[in-house]
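**Q** The structure file upload_37.cif (mmCIF, C-alpha atoms) is provided below.
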data_coords
loop_
_atom_site.label_atom_id
_atom_site.label_comp_id
_atom_site.auth_asym_id
_atom_site.auth_seq_id
_atom_site.Cartn_x
_atom_site.Cartn_y
_atom_site.Cartn_z
CA MET E 272 171.97 118.34 -34.82
CA ALA E 273 168.94 116.27 -35.81
CA PHE E 274 165.23 115.88 -35.34
CA SER E 275 163.91 112.46 -34.31
CA ALA E 276 160.44 111.04 -33.76
CA ARG E 277 159.20 107.63 -32.64
CA LEU E 278 155.42 107.59 -32.59
CA ASN E 279 152.56 105.13 -32.46
CA ILE E 280 149.18 106.81 -32.82
CA ALA E 281 145.96 104.84 -33.21
CA TYR E 282 142.60 105.93 -34.57
CA SER E 283 139.66 103.57 -35.02
CA GLU E 284 140.72 102.51 -38.53
CA PHE E 285 144.24 103.89 -38.89
CA THR E 286 147.58 103.56 -37.08
CA LEU E 287 150.62 105.75 -37.54
CA ASP E 288 153.76 103.87 -36.51
CA VAL E 289 156.96 105.73 -37.43
CA ASP E 290 160.60 105.95 -36.40
CA LEU E 291 162.50 108.65 -38.24
CA THR E 292 165.55 110.88 -37.96
CA ILE E 293 166.07 113.90 -40.18
CA PRO E 294 168.71 116.64 -40.39
CA VAL E 295 167.79 120.02 -38.94
CA LYS E 296 168.63 121.92 -42.09
CA GLY E 297 167.16 122.43 -45.54
CA ILE E 298 163.80 121.04 -46.60
CA THR E 299 162.55 117.60 -45.57
CA ALA E 300 159.59 116.43 -47.65
CA ILE E 301 157.08 113.88 -46.41
CA PHE E 302 155.58 112.29 -49.50
CA GLY E 303 152.79 109.78 -49.82
CA PRO E 304 149.29 109.19 -51.18
CA SER E 305 146.17 110.54 -49.52
CA GLY E 306 145.49 108.68 -46.28
CA SER E 307 149.11 107.64 -45.77
CA GLY E 308 149.41 109.57 -42.50
CA LYS E 309 151.28 112.70 -43.61
CA THR E 310 149.08 115.23 -41.83
CA THR E 311 148.73 112.96 -38.78
CA LEU E 312 152.53 112.91 -38.51
CA LEU E 313 152.86 116.67 -38.92
CA ARG E 314 150.19 117.34 -36.30
CA ALA E 315 152.00 114.98 -33.93
CA ILE E 316 155.23 116.92 -34.42
CA ALA E 317 153.27 120.08 -33.57
CA GLY E 318 151.79 118.48 -30.44
CA LEU E 319 148.21 118.72 -31.69
CA HIS E 320 147.03 115.17 -30.96
CA PRO E 321 145.24 114.28 -27.70
CA LYS E 322 147.44 112.19 -25.42
CA ASN E 323 144.91 109.35 -25.34
CA LEU E 324 145.60 108.55 -29.03
CA TYR E 325 149.13 107.38 -28.27
CA LYS E 326 149.76 103.66 -27.83
CA ASN E 327 152.60 102.16 -25.81
CA GLY E 328 153.38 105.45 -24.11
CA ARG E 329 153.49 108.90 -25.63
CA GLY E 330 156.30 108.19 -28.07
CA HIS E 331 159.37 110.35 -28.32
CA ILE E 332 160.05 113.61 -30.18
CA GLN E 333 163.39 115.37 -29.89
CA PHE E 334 164.64 118.51 -31.63
CA GLY E 335 168.38 118.78 -31.15
CA ASP E 336 168.84 118.56 -27.38
CA GLN E 337 165.23 119.64 -26.69
CA ILE E 338 162.85 116.81 -25.73
CA TRP E 339 159.36 117.81 -26.86
CA GLN E 340 157.67 114.55 -26.00
CA SER E 341 158.42 111.39 -24.04
CA ASP E 342 156.64 108.98 -21.69
CA THR E 343 157.06 111.54 -18.92
CA ASP E 344 157.04 114.86 -20.77
CA PHE E 345 154.67 116.49 -23.23
CA LEU E 346 155.56 120.00 -24.37
CA PRO E 347 152.32 121.76 -25.40
CA THR E 348 152.06 123.21 -28.88
CA TYR E 349 152.49 126.82 -27.82
CA LYS E 350 155.83 125.98 -26.18
CA ARG E 351 157.26 124.15 -29.20
CA PRO E 352 159.39 126.55 -31.29
CA ILE E 353 157.49 125.91 -34.52
CA GLY E 354 155.69 127.78 -37.25
CA TYR E 355 152.79 126.01 -38.97
CA VAL E 356 151.40 126.76 -42.45
CA PHE E 357 148.18 124.92 -43.29
CA GLN E 358 146.62 124.02 -46.65
CA GLU E 359 144.39 127.06 -46.28
CA SER E 360 146.02 130.35 -45.33
CA SER E 361 143.55 130.92 -42.45
CA LEU E 362 143.95 134.70 -42.46
CA PHE E 363 141.68 136.95 -40.42
CA GLU E 364 139.38 138.31 -43.11
CA HIS E 365 138.37 141.41 -41.13
CA LEU E 366 142.00 142.55 -40.78
CA ASN E 367 144.42 143.90 -43.34
CA ILE E 368 147.71 142.15 -44.03
CA GLN E 369 149.78 144.24 -41.64
CA GLN E 370 147.31 143.48 -38.86
CA ASN E 371 147.38 139.76 -39.71
CA LEU E 372 151.17 139.78 -39.40
CA ASP E 373 151.06 141.72 -36.12
CA TYR E 374 148.49 139.41 -34.52
CA GLY E 375 150.87 136.55 -33.79
CA GLN E 376 153.53 138.82 -32.33
CA LYS E 377 151.60 139.08 -29.09
CA ARG E 378 152.59 135.57 -27.96
CA ILE E 379 156.36 135.68 -28.51
CA LYS E 380 158.79 136.97 -25.91
CA ASN E 381 161.50 138.19 -28.27
CA PRO E 382 159.93 139.57 -31.46
CA LEU E 383 162.10 140.13 -34.48
CA LYS E 384 163.96 143.37 -34.85
CA PRO E 385 162.49 145.77 -37.44
CA HIS E 386 165.18 145.03 -40.04
CA GLU E 387 164.69 141.25 -39.58
CA ARG E 388 160.94 141.66 -39.97
CA ASP E 389 161.40 143.80 -43.09
CA HIS E 390 163.74 141.19 -44.56
CA ILE E 391 161.11 138.44 -44.29
CA ILE E 392 158.42 140.71 -45.74
CA ASP E 393 160.68 141.64 -48.65
CA LEU E 394 161.81 138.04 -49.14
CA LEU E 395 158.21 136.94 -49.66
CA GLY E 396 157.34 139.97 -51.78
CA ILE E 397 154.40 141.13 -49.67
CA SER E 398 155.42 144.75 -48.97
CA PRO E 399 152.86 146.10 -51.50
CA LEU E 400 150.10 144.06 -49.79
CA LEU E 401 150.40 145.32 -46.22
CA THR E 402 147.48 147.76 -46.34
CA ARG E 403 145.18 145.51 -48.38
CA PRO E 404 142.27 143.59 -46.80
CA ALA E 405 142.87 139.86 -46.54
CA ASP E 406 139.80 139.06 -48.63
CA LYS E 407 141.23 140.96 -51.62
CA LEU E 408 144.26 138.71 -52.08
CA SER E 409 144.81 135.91 -54.58
CA GLY E 410 145.46 132.37 -53.38
CA GLY E 411 149.20 132.68 -53.94
CA GLU E 412 149.35 136.02 -52.13
CA ARG E 413 147.42 134.61 -49.17
CA GLN E 414 149.85 131.72 -48.81
CA ARG E 415 152.85 134.04 -48.95
CA VAL E 416 151.31 136.07 -46.13
CA ALA E 417 150.66 132.87 -44.15
CA ILE E 418 154.31 131.83 -44.57
CA ALA E 419 155.50 135.30 -43.50
CA ARG E 420 153.22 135.21 -40.45
CA ALA E 421 154.70 131.85 -39.42
CA LEU E 422 158.28 133.07 -39.92
CA LEU E 423 157.67 136.21 -37.86
CA LEU E 424 157.12 133.96 -34.82
CA ARG E 425 160.87 133.18 -34.86
CA PRO E 426 160.35 129.41 -35.31
CA GLU E 427 163.25 126.99 -35.05
CA LEU E 428 161.31 124.58 -37.26
CA LEU E 429 158.74 125.44 -39.94
CA LEU E 430 155.94 122.95 -40.74
CA MET E 431 153.98 123.13 -44.00
CA ASP E 432 150.95 120.96 -44.73
CA GLU E 433 150.38 120.92 -48.51
CA PRO E 434 150.46 124.74 -48.76
CA MET E 435 149.95 124.63 -52.54
CA ALA E 436 147.18 122.03 -52.71
CA SER E 437 144.48 124.53 -53.67
CA LEU E 438 146.59 126.68 -56.03
CA ASP E 439 146.70 126.59 -59.83
CA PHE E 440 149.94 125.98 -61.74
CA ILE E 441 150.93 129.64 -62.01
CA ARG E 442 150.41 130.29 -58.28
CA LYS E 443 152.27 127.09 -57.38
CA SER E 444 155.24 128.17 -59.48
CA GLU E 445 155.18 131.52 -57.71
CA ILE E 446 155.22 129.95 -54.23
CA ILE E 447 157.95 127.46 -55.19
CA ARG E 448 160.24 130.32 -56.21
CA PHE E 449 159.70 132.01 -52.84
CA LEU E 450 160.32 128.75 -50.95
CA GLU E 451 163.59 128.31 -52.84
CA ARG E 452 164.60 131.80 -51.71
CA LEU E 453 163.71 130.97 -48.11
CA LYS E 454 165.81 127.81 -48.35
CA THR E 455 168.91 129.70 -49.49
CA GLU E 456 168.55 132.92 -47.45
CA LEU E 457 167.14 131.73 -44.12
CA GLU E 458 168.57 128.96 -41.96
CA ILE E 459 165.23 127.62 -40.74
CA PRO E 460 164.67 123.89 -41.33
CA LEU E 461 161.38 123.06 -42.99
CA ILE E 462 159.23 119.92 -42.97
CA TYR E 463 157.04 119.97 -46.06
CA ILE E 464 154.10 117.68 -46.77
CA SER E 465 152.96 116.96 -50.32
CA HIS E 466 151.62 114.25 -52.60
CA ASN E 467 152.88 116.17 -55.66
CA ALA E 468 156.07 114.65 -57.07
CA ALA E 469 157.06 117.81 -58.96
CA GLU E 470 157.01 119.92 -55.79
CA VAL E 471 158.91 117.36 -53.75
CA THR E 472 161.63 116.65 -56.29
CA ARG E 473 162.26 120.35 -56.87
CA LEU E 474 162.36 121.45 -53.23
CA ALA E 475 163.41 118.60 -50.95
CA ASP E 476 166.91 117.87 -49.64
CA HIS E 477 165.73 114.94 -47.52
CA LEU E 478 162.81 112.67 -48.39
CA ILE E 479 160.49 110.51 -46.30
CA ILE E 480 158.09 108.25 -48.17
CA LEU E 481 155.07 107.37 -46.07
CA ASP E 482 152.49 104.73 -46.90
CA GLN E 483 149.69 103.29 -44.73
CA GLY E 484 151.13 104.93 -41.64
CA ARG E 485 154.64 103.48 -42.08
CA VAL E 486 157.92 104.98 -43.27
CA ARG E 487 158.85 103.06 -46.43
CA GLN E 488 161.98 105.03 -47.34
CA GLN E 489 163.93 107.93 -45.85
CA GLY E 490 167.23 109.63 -46.59
CA PRO E 491 168.85 112.28 -48.81
CA ILE E 492 166.63 112.74 -51.86
CA GLN E 493 169.31 111.85 -54.38
CA ALA E 494 169.99 108.55 -52.59
CA VAL E 495 166.31 107.63 -52.15
CA LEU E 496 165.40 108.42 -55.76
CA ALA E 497 168.38 106.63 -57.24
CA ASN E 498 166.01 103.67 -57.24
CA HIS E 499 163.85 104.14 -60.33
CA LYS E 500 161.10 101.92 -58.91
CA ILE E 501 160.59 104.43 -56.09
CA LEU E 502 160.85 107.34 -58.51
CA ASN E 503 158.29 105.89 -60.90
CA SER E 504 155.86 105.14 -58.08
CA MET E 505 155.66 108.90 -57.42
CA SER E 506 154.22 109.80 -60.83
CA GLU E 507 151.94 108.37 -63.50
CA GLU E 508 154.62 109.09 -66.11
CA PRO E 509 158.08 107.56 -65.47
CA PHE E 510 160.82 110.19 -65.16
CA THR E 511 164.40 110.74 -64.13
CA LEU E 512 165.52 113.43 -61.72
CA LEU E 513 168.86 114.86 -62.85
CA PHE E 514 171.16 116.78 -60.50
CA GLY E 515 173.58 119.20 -62.10
CA THR E 516 175.55 122.43 -61.93
CA VAL E 517 174.90 125.42 -64.18
CA MET E 518 177.97 125.97 -66.35
CA THR E 519 176.61 128.62 -68.71
CA ALA E 520 173.56 130.58 -67.58
CA ARG E 521 172.79 131.97 -71.02
CA THR E 522 174.45 131.17 -74.32
CA GLU E 523 174.24 133.37 -77.40
CA HIS E 524 171.34 131.17 -78.52
CA ASN E 525 169.41 131.59 -75.23
CA LEU E 526 170.22 128.19 -73.84
CA THR E 527 171.38 127.18 -70.37
CA GLU E 528 174.13 124.56 -70.15
CA VAL E 529 174.18 122.18 -67.19
CA ASP E 530 176.97 119.81 -66.17
CA LEU E 531 175.55 116.48 -65.01
CA GLY E 532 178.97 115.18 -64.04
CA ASP E 533 178.93 112.68 -66.91
CA ALA E 534 177.69 114.96 -69.67
CA LEU E 535 176.75 118.50 -70.57
CA ILE E 536 173.03 118.97 -71.22
CA ARG E 537 171.42 121.97 -72.94
CA ILE E 538 168.02 123.29 -71.91
CA PRO E 539 165.97 126.41 -72.74
CA HIS E 540 167.19 129.49 -70.88
CA HIS E 541 166.44 129.50 -67.14
CA GLU E 542 166.88 132.40 -64.75
CA VAL E 543 169.77 130.81 -62.86
CA LYS E 544 173.29 131.76 -61.86
CA GLU E 545 176.43 130.03 -63.05
CA GLN E 546 177.71 127.37 -60.63
CA ALA E 547 174.24 127.12 -59.08
CA GLU E 548 172.93 123.64 -58.29
CA ILE E 549 169.89 122.70 -60.38
CA ARG E 550 167.49 119.77 -60.69
CA LEU E 551 165.91 118.74 -63.96
CA HIS E 552 162.94 116.50 -64.75
CA LEU E 553 163.37 114.25 -67.74
CA TYR E 554 160.30 112.21 -68.65
CA ALA E 555 160.87 108.78 -70.19
CA LYS E 556 158.45 109.57 -73.03
CA ASP E 557 160.79 112.39 -74.15
CA VAL E 558 163.82 110.16 -74.64
CA SER E 559 164.26 108.35 -77.96
CA ILE E 560 166.88 105.77 -78.95
CA ALA E 561 169.05 105.38 -82.05
CA LEU E 562 171.53 102.64 -82.93
CA SER E 563 173.96 105.08 -84.60
CA ARG E 564 174.76 108.69 -83.80
CA PRO E 565 172.18 110.91 -85.55
CA GLU E 566 173.57 113.54 -87.89
CA GLN E 567 172.09 116.79 -89.16
CA THR E 568 169.41 116.79 -86.47
CA SER E 569 167.77 119.58 -84.49
CA VAL E 570 167.96 117.51 -81.30
CA LEU E 571 170.58 119.20 -79.08
CA ASN E 572 171.27 116.45 -76.56
CA ILE E 573 172.65 113.16 -77.90
CA PHE E 574 174.41 110.85 -75.47
CA ASP E 575 176.33 107.57 -75.75
CA CYS E 576 174.54 105.13 -73.46
CA GLN E 577 174.39 101.47 -72.62
CA ILE E 578 171.12 99.63 -72.08
CA GLY E 579 170.86 98.38 -68.51
CA THR E 580 167.51 96.62 -68.38
CA ILE E 581 164.35 96.49 -70.47
CA GLU E 582 161.04 96.03 -68.69
CA PRO E 583 158.35 93.79 -70.26
CA PRO E 584 155.86 95.55 -72.57
CA THR E 585 152.78 97.10 -70.98
CA GLU E 586 149.26 96.31 -72.14
CA ASP E 587 149.37 99.34 -74.45
CA GLY E 588 152.60 98.14 -76.09
CA GLN E 589 155.21 100.32 -74.35
CA CYS E 590 158.62 99.26 -73.03
CA LEU E 591 160.51 101.13 -70.31
CA ILE E 592 164.25 101.02 -70.95
CA HIS E 593 166.83 101.85 -68.29
CA LEU E 594 169.92 103.50 -69.78
CA CYS E 595 173.37 104.04 -68.27
CA LEU E 596 175.11 107.30 -69.16
CA LYS E 597 178.32 106.50 -67.25
CA LYS E 598 177.14 106.96 -63.62
CA THR E 599 173.93 108.77 -64.56
CA ARG E 600 170.80 106.66 -65.05
CA ILE E 601 168.02 107.78 -67.37
CA GLN E 602 164.86 106.11 -68.68
CA ALA E 603 163.33 105.91 -72.13
CA ARG E 604 159.83 104.80 -73.01
CA VAL E 605 159.56 103.37 -76.53
CA SER E 606 157.04 101.17 -78.28
CA ALA E 607 157.41 97.42 -78.09
CA TYR E 608 157.42 97.53 -81.91
CA SER E 609 160.51 99.80 -81.96
CA CYS E 610 162.16 97.64 -79.32
CA ALA E 611 161.73 94.59 -81.54
CA GLU E 612 162.62 96.35 -84.82
CA LEU E 613 165.86 97.71 -83.35
CA ASP E 614 166.52 94.39 -81.57
CA LEU E 615 167.30 96.25 -78.35
CA ARG E 616 169.04 94.17 -75.68
CA PRO E 617 170.60 94.71 -72.25
CA GLY E 618 174.28 95.65 -72.57
CA GLN E 619 173.83 97.14 -76.03
CA LYS E 620 175.48 100.48 -76.92
CA VAL E 621 172.92 103.03 -78.14
CA PHE E 622 172.40 106.78 -78.45
CA ALA E 623 169.81 108.60 -76.37
CA GLN E 624 168.23 111.68 -77.95
CA ILE E 625 166.65 114.37 -75.77
CA LYS E 626 165.06 117.55 -77.08
CA ALA E 627 166.07 120.59 -75.03
CA VAL E 628 162.49 121.85 -74.73
CA SER E 629 161.37 118.60 -73.09
CA ILE E 630 163.56 119.13 -70.00
CA VAL E 631 161.97 121.07 -67.15
CA GLN E 632 163.27 122.37 -63.84
#
Is it possible to express this structure as structure tokens?
**A**
Amino acid sequence: MAFSARLNIAYSEFTLDVDLTIPVKGITAIFGPSGSGKTTLLRAIAGLHPKNLYKNGRGHIQFGDQIWQSDTDFLPTYKRPIGYVFQESSLFEHLNIQQNLDYGQKRIKNPLKPHERDHIIDLLGISPLLTRPADKLSGGERQRVAIARALLLRPELLLMDEPMASLDFIRKSEIIRFLERLKTELEIPLIYISHNAAEVTRLADHLIILDQGRVRQQGPIQAVLANHKILNSMSEEPFTLLFGTVMTARTEHNLTEVDLGDALIRIPHHEVKEQAEIRLHLYAKDVSIALSRPEQTSVLNIFDCQIGTIEPPTEDGQCLIHLCLKKTRIQARVSAYSCAELDLRPGQKVFAQIKAVSIVQ
């Protein structure tokens, strides 16, 4: 089962022209800079654009065997089995949380059973908030309520338009944890818009990179981001996204050990279960290089690597080095001075040093 969309939408100074197919499971992230067409695409999926904006017919949107849009058909928004979470929670301020959740139930034919409803409320941790007025909630609490309200509509597809854009770091971390729970406990596919690389690389299973109204890349996130040029374009600081399996959740020294397939990496303790899949961010600035294996060092992660390529120095005298750890590729950013002093060359055997505290989930 898949979701497909072929659309050509024209505004006075912008055209969205996309052809994409995504799996109807897990989280699909649409990533791109401001003005790339992310929200325009999401609103098209929801059926929110006037028909006169479409060029060369109305395009085509299909969800499984359901045709939502074609040259002859146009399913209105209220008939598309979707839930939509906006940047702002858009709660009714004069109602309490229970009343906000109840409001949308009026338009669905088969509301959730009480135990299903309670499960969603518990999953998002909003049970203690039900009697509180909407205007007394924090930003993170409001967004959790907005997500619950969308899920209570029994959507077959959940759409989220930068739901964490206005939240601080602590609130974002809170929402991310809840989204990860939704991903594992509910079987509702989610299309998630963001221009934040950390959010996308932590949550997404499938990635669409949008730029100037065109799809530049799409596919499983691990395949798309295997290309470091794409990865580095997503962030000001070059980084590597590592995919691994938790081998030891907590050692006697409060570390978590993760199997990368080619090596075992140690990180500060994370609240994870053994055998769980995990993704780790490793910034190039946190990787140093030695010509011989360091001894009597506090650095926990030291790997035999081979230099793949070395990029030319930047204006501020930094070189980005691509390292091969068997099949795993990592990046190191070192000074051009160190590169010259160590006489680093492609094909050379070196040791990469990574401090445990520098690796983040």
**Q** Please provide as a PyMOL selection string all residues within 8 Å of Gly303 (chain E), with the sequence filter that same-chain residues fewer than 6 positions apart are discarded (counting only C-alpha atoms).
**A** chain E and resi 309+465-466+480-482
**Q** Residues as selected, C-alpha atoms, written as a PDB file, in the coordinates of the input, can you do that?
**A**
ATOM      1  CA  LYS E 309     151.280 112.700 -43.610  1.00  0.00           C
ATOM      2  CA  SER E 465     152.960 116.960 -50.320  1.00  0.00           C
ATOM      3  CA  HIS E 466     151.620 114.250 -52.600  1.00  0.00           C
ATOM      4  CA  ILE E 480     158.090 108.250 -48.170  1.00  0.00           C
ATOM      5  CA  LEU E 481     155.070 107.370 -46.070  1.00  0.00           C
ATOM      6  CA  ASP E 482     152.490 104.730 -46.900  1.00  0.00           C
TER       7      ASP E 482
END
**Q** So how far away is CA of Ile280 (chain E) from CA of Leu324 (chain E), in Å?
**A**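 These atoms are spaced 5.5 Å apart.
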**Q** Rounded to one decimal, what separation in Å do you get between CA of Arg442 (chain E) and CA of Thr311 (chain E)?
**A**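 Taking CA of Arg442 (chain E) as the start and CA of Thr311 (chain E) as the end point, the length is 26.1 Å.
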**Q** Check the smallest atom-to-atom distance from each of E:Lys544, E:Lys296, E:Lys626, E:Lys377 to Lys454 (chain E) using all atoms listed in the file, then report the winner.
**A**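 For Lys454 (chain E), the nearest of the candidates is E:Lys296.
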**Q** Do you know which residues are at most 8 Å from Asp290 (chain E) counting only C-alpha atoms, after dropping those on the same chain fewer than 6 positions away, and could you put them as a PDB file with C-alpha atoms, in the frame of the given file?
**A**
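File produced: part-v1.pdb:
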ATOM      1  CA  SER E 275     163.910 112.460 -34.310  1.00  0.00           C
ATOM      2  CA  ALA E 276     160.440 111.040 -33.760  1.00  0.00           C
ATOM      3  CA  ARG E 277     159.200 107.630 -32.640  1.00  0.00           C
ATOM      4  CA  LEU E 278     155.420 107.590 -32.590  1.00  0.00           C
ATOM      5  CA  VAL E 486     157.920 104.980 -43.270  1.00  0.00           C
TER       6      VAL E 486
END
**Q** For CA of Val529 (chain E) and CA of Lys500 (chain E), quote the distance in Å rounded to one decimal.
**A**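 For CA of Val529 (chain E) relative to CA of Lys500 (chain E), the distance reads 25.5 Å.
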